[in-house]
Amino acid sequence: MPHKDHRVTLRPLNADDEPEFLALVAASTDLHRPWMSLPGTPPVFRAYVERYKGPDEESLLVCRRDTGAIAGLININSIIRGRFQSGSLGYAAFAPSAGRGYMSEGLDLVLHHAFGRLRLHRLEAQVQPENHASIRLVRRAGFRSEGRSPDLLFIDGAWRDHERWAITNAMAGIVPAEPHPTLPER
Ligand SMILES: CC(C)(COP(=O)(O)OP(=O)(O)OC[C@H]1O[C@@H](n2cnc3c(N)ncnc32)[C@H](O)[C@@H]1OP(=O)(O)O)[C@@H](O)C(=O)NCCC(=O)NCCS
């Protein structure tokens, strides 16, 4: 879907988003638990914004074009360059906007950003097998399941098995004319 048809845009999370973000997190407790834990207090939010100012991670808000409201969040974590050129995705919808396709459109924009502008080669989402909404989201976006890793991530107080869902730039059809300068020649 061309970008102009999307009902959402992406923009980086920033300090000014604090009141709206915290209100949305509070309104989304039932949706997020037990899969996702987002900052729920001002100090934790501010530390989160600081963390995402670094070069290895990006926190992107999925915003509705009609109202400007924040519909969800997609983070590109653990960006590794060199021979890997890969990033790890974390994401959540916010309850008032969930289940309407905004996250699917936002994820499509993230693929264009990550493979086009950032020139990454691969994105991975680690998803617990019981998280059906999350698996539907990545499957719809063209990710493939690469397998299951036992005790992969510490979520909701325990090490949980996760399926690794991944997509490459070639699978998405978004291959840059020039590779990222940190990619070795051979
Ligand atoms: C996973 C999660 C982000 C998915 O968010 P979402 O709001 O359901 O995703 P979308 O915005 O793409 O909406 C998709 C749903 O809207 C429906 N929909 C309505 N209009 C639509 C449209 N125009 N386009 C696409 N889907 C549309 C779809 O049928 C779909 O429902 P389905 O998944 O039951 O088939 C959300 O469930 C969530 O925040 N979960 C908790 C946090 C979490 O698990 N994070 C991931 C950890 S791995």
# chains A, B, ... in the order shown; residues from 1 in each chain; ligands from 1
$ residues_around --residues "Leu10 of chain A" --least-positions-apart "6" --cutoff "8 Å" --atoms "only C-alpha atoms" --output "PyMOL selection string"
chain A and resi 60-63+106+109-110
$ write_last_selection --atoms "C-alpha atoms" --output "CSV table (one decimal), in the first residue's frame"
chain,number,residue,atom,x,y,z
A,60,LEU,CA,8.5,5.2,16.7
A,61,LEU,CA,5.0,6.3,17.4
A,62,VAL,CA,2.2,5.2,15.1
A,63,CYS,CA,-0.1,8.3,14.8
A,106,GLY,CA,2.4,1.4,11.0
A,109,LEU,CA,5.9,2.1,7.3
A,110,VAL,CA,8.5,0.7,9.8
$ residues_around --residues "segment 160-165 of chain A" --least-positions-apart "2" --cutoff "12 Å" --atoms "only C-alpha atoms" --output "PyMOL selection string"
chain A and resi 34-35+87-90+122-132+134-158+167-168
$ atom_distance --atom1 "atom 31 (O, counted along the ligand's line) of ligand 1" --atom2 "atom CA of Asp17 of chain A"
26.9 Å
$ closest_residue --among "A:Ser37, A:Gln85, A:Ser78, A:Ser104" --to "ligand 1" --atoms "only C-alpha atoms and all ligand atoms"
A:Ser104
$ residues_around --residues "Val25 of chain A" --least-positions-apart "2" --cutoff "12 Å" --atoms "only C-alpha atoms" --output "VMD selection string"
chain A and resid 17 to 23 27 to 33 36 to 42 45 70 to 73 92 to 96
$ select_by_dssp --residues "chain A" --states "strand (DSSP E or B)" --output "MDAnalysis selection string"
chainID A and resid 8:12 58:64 70:80 86:93 122:127 144:155 158:168
$ select_by_dssp --residues "segment 94-182 of chain A" --states "helix (DSSP H, G or I)" --output "JSON, numbers by chain"
{"A": [95, 96, 97, 102, 103, 104, 105, 106, 107, 108, 109, 110, 111, 112, 113, 114, 115, 116, 117, 132, 133, 134, 135, 136, 137, 138, 139, 140, 169, 170, 171, 172]}
$ closest_residue --among "A:Pro181, A:Gly173, A:Pro12, A:Gly101" --to "Glu58 of chain A" --atoms "only C-alpha atoms"
A:Pro12
$ closest_residue --among "A:Glu185, A:Glu50, A:Asp108, A:Glu57" --to "ligand 1" --atoms "only C-alpha atoms and all ligand atoms"
A:Asp108
$ closest_residue --among "A:Ile79, A:Ala172, A:Val8, A:Val44" --to "ligand 1" --atoms "only C-alpha atoms and all ligand atoms"
A:Val8
$ atom_distance --atom1 "atom CA of Ala166 of chain A" --atom2 "atom 27 (C, counted along the ligand's line) of ligand 1"
21.3 Å
$ closest_residue --among "A:Ile174, A:Ile74, A:Leu120, A:Ile80" --to "Glu105 of chain A" --atoms "only C-alpha atoms"
A:Ile74
$ closest_residue --among "A:Pro176, A:Gly54, A:Pro184, A:Gly99" --to "ligand 1" --atoms "only C-alpha atoms and all ligand atoms"
A:Gly99
$ atom_distance --atom1 "atom CA of Ala98 of chain A" --atom2 "atom CA of Arg11 of chain A"
18.3 Å
$ residues_around --residues "Thr182 of chain A" --least-positions-apart "5" --cutoff "9 Å" --atoms "only C-alpha atoms" --output "compact mmCIF listing (two decimals) with all heavy atoms, in the first residue's frame"
# COMPACT_ATOMS: atom_id res chain seq x y z
N ARG A 81 25.04 -3.52 13.19
CA ARG A 81 25.51 -3.27 11.82
C ARG A 81 26.50 -4.35 11.40
O ARG A 81 26.42 -5.47 11.83
CB ARG A 81 26.13 -1.86 11.77
CG ARG A 81 25.10 -0.74 12.00
CD ARG A 81 24.08 -0.71 10.89
NE ARG A 81 23.16 0.41 10.97
CZ ARG A 81 22.24 0.64 10.03
NH1 ARG A 81 22.11 -0.14 8.98
NH2 ARG A 81 21.42 1.66 10.14
N GLY A 82 27.47 -4.02 10.53
CA GLY A 82 28.44 -5.00 10.06
C GLY A 82 27.78 -6.10 9.25
O GLY A 82 26.93 -5.83 8.40
N ARG A 83 28.13 -7.33 9.53
CA ARG A 83 27.61 -8.45 8.74
C ARG A 83 26.18 -8.81 9.07
O ARG A 83 25.59 -9.68 8.43
CB ARG A 83 28.48 -9.70 8.95
CG ARG A 83 29.87 -9.54 8.43
CD ARG A 83 30.63 -10.84 8.43
NE ARG A 83 32.01 -10.54 8.07
CZ ARG A 83 32.42 -10.36 6.81
NH1 ARG A 83 31.57 -10.48 5.81
NH2 ARG A 83 33.67 -10.06 6.57
N GLN A 85 23.41 -6.31 10.15
CA GLN A 85 22.45 -5.31 9.63
C GLN A 85 21.03 -5.67 10.04
O GLN A 85 20.11 -5.74 9.21
CB GLN A 85 22.57 -5.17 8.10
CG GLN A 85 23.94 -4.82 7.59
CD GLN A 85 24.40 -3.42 7.99
OE1 GLN A 85 23.60 -2.56 8.31
NE2 GLN A 85 25.71 -3.20 8.00
$ decode --residues "segment 82-102 of chain A" --atoms "N, CA, C and O atoms" --output "short mmCIF file (atom, residue, chain, number, x, y, z; two decimals), in the first residue's frame"
data_model
loop_
_atom_site.label_atom_id
_atom_site.label_comp_id
_atom_site.auth_asym_id
_atom_site.auth_seq_id
_atom_site.Cartn_x
_atom_site.Cartn_y
_atom_site.Cartn_z
N GLY A 82 27.47 -4.02 10.53
CA GLY A 82 28.44 -5.00 10.06
C GLY A 82 27.78 -6.10 9.25
O GLY A 82 26.93 -5.83 8.40
N ARG A 83 28.13 -7.33 9.53
CA ARG A 83 27.61 -8.45 8.74
C ARG A 83 26.18 -8.81 9.07
O ARG A 83 25.59 -9.68 8.43
N PHE A 84 25.62 -8.18 10.12
CA PHE A 84 24.29 -8.56 10.58
C PHE A 84 23.22 -7.62 10.01
O PHE A 84 22.22 -8.08 9.46
N GLN A 85 23.41 -6.31 10.15
CA GLN A 85 22.45 -5.31 9.63
C GLN A 85 21.03 -5.67 10.04
O GLN A 85 20.11 -5.74 9.21
N SER A 86 20.86 -5.90 11.32
CA SER A 86 19.59 -6.43 11.80
C SER A 86 19.05 -5.63 12.98
O SER A 86 19.81 -4.94 13.68
N GLY A 87 17.76 -5.69 13.19
CA GLY A 87 17.13 -5.04 14.34
C GLY A 87 16.02 -5.93 14.87
O GLY A 87 15.51 -6.82 14.18
N SER A 88 15.66 -5.65 16.12
CA SER A 88 14.67 -6.46 16.81
C SER A 88 13.46 -5.58 17.13
O SER A 88 13.63 -4.48 17.65
N LEU A 89 12.26 -6.04 16.80
CA LEU A 89 11.07 -5.20 16.96
C LEU A 89 10.35 -5.46 18.27
O LEU A 89 10.20 -6.61 18.69
N GLY A 90 9.88 -4.38 18.88
CA GLY A 90 8.93 -4.48 19.98
C GLY A 90 7.77 -3.55 19.65
O GLY A 90 7.99 -2.49 19.06
N TYR A 91 6.54 -3.94 19.97
CA TYR A 91 5.41 -3.09 19.56
C TYR A 91 4.20 -3.31 20.44
O TYR A 91 4.04 -4.35 21.09
N ALA A 92 3.36 -2.29 20.45
CA ALA A 92 2.09 -2.39 21.16
C ALA A 92 1.12 -1.39 20.56
O ALA A 92 1.49 -0.28 20.19
N ALA A 93 -0.14 -1.81 20.46
CA ALA A 93 -1.22 -0.87 20.14
C ALA A 93 -1.69 -0.25 21.45
O ALA A 93 -1.45 -0.80 22.53
N PHE A 94 -2.35 0.89 21.38
CA PHE A 94 -3.02 1.43 22.56
C PHE A 94 -4.51 1.17 22.42
O PHE A 94 -5.08 1.24 21.31
N ALA A 95 -5.14 0.86 23.55
CA ALA A 95 -6.50 0.32 23.53
C ALA A 95 -7.50 1.13 22.69
O ALA A 95 -8.27 0.54 21.93
N PRO A 96 -7.49 2.49 22.79
CA PRO A 96 -8.52 3.22 22.03
C PRO A 96 -8.43 3.01 20.52
O PRO A 96 -9.41 3.24 19.81
N SER A 97 -7.26 2.59 20.02
CA SER A 97 -7.07 2.46 18.57
C SER A 97 -6.80 1.03 18.13
O SER A 97 -6.51 0.79 16.94
N ALA A 98 -6.88 0.07 19.04
CA ALA A 98 -6.49 -1.31 18.69
C ALA A 98 -7.53 -1.98 17.81
O ALA A 98 -8.71 -1.62 17.83
N GLY A 99 -7.05 -2.95 17.03
CA GLY A 99 -7.95 -3.80 16.24
C GLY A 99 -8.58 -3.10 15.06
O GLY A 99 -9.63 -3.50 14.57
N ARG A 100 -7.94 -2.05 14.55
CA ARG A 100 -8.51 -1.33 13.40
C ARG A 100 -7.55 -1.25 12.22
O ARG A 100 -7.77 -0.50 11.27
N GLY A 101 -6.45 -1.98 12.32
CA GLY A 101 -5.50 -2.01 11.22
C GLY A 101 -4.44 -0.93 11.28
O GLY A 101 -3.57 -0.87 10.40
N TYR A 102 -4.48 -0.08 12.29
CA TYR A 102 -3.47 0.99 12.37
C TYR A 102 -2.06 0.41 12.59
O TYR A 102 -1.08 0.92 12.03
#
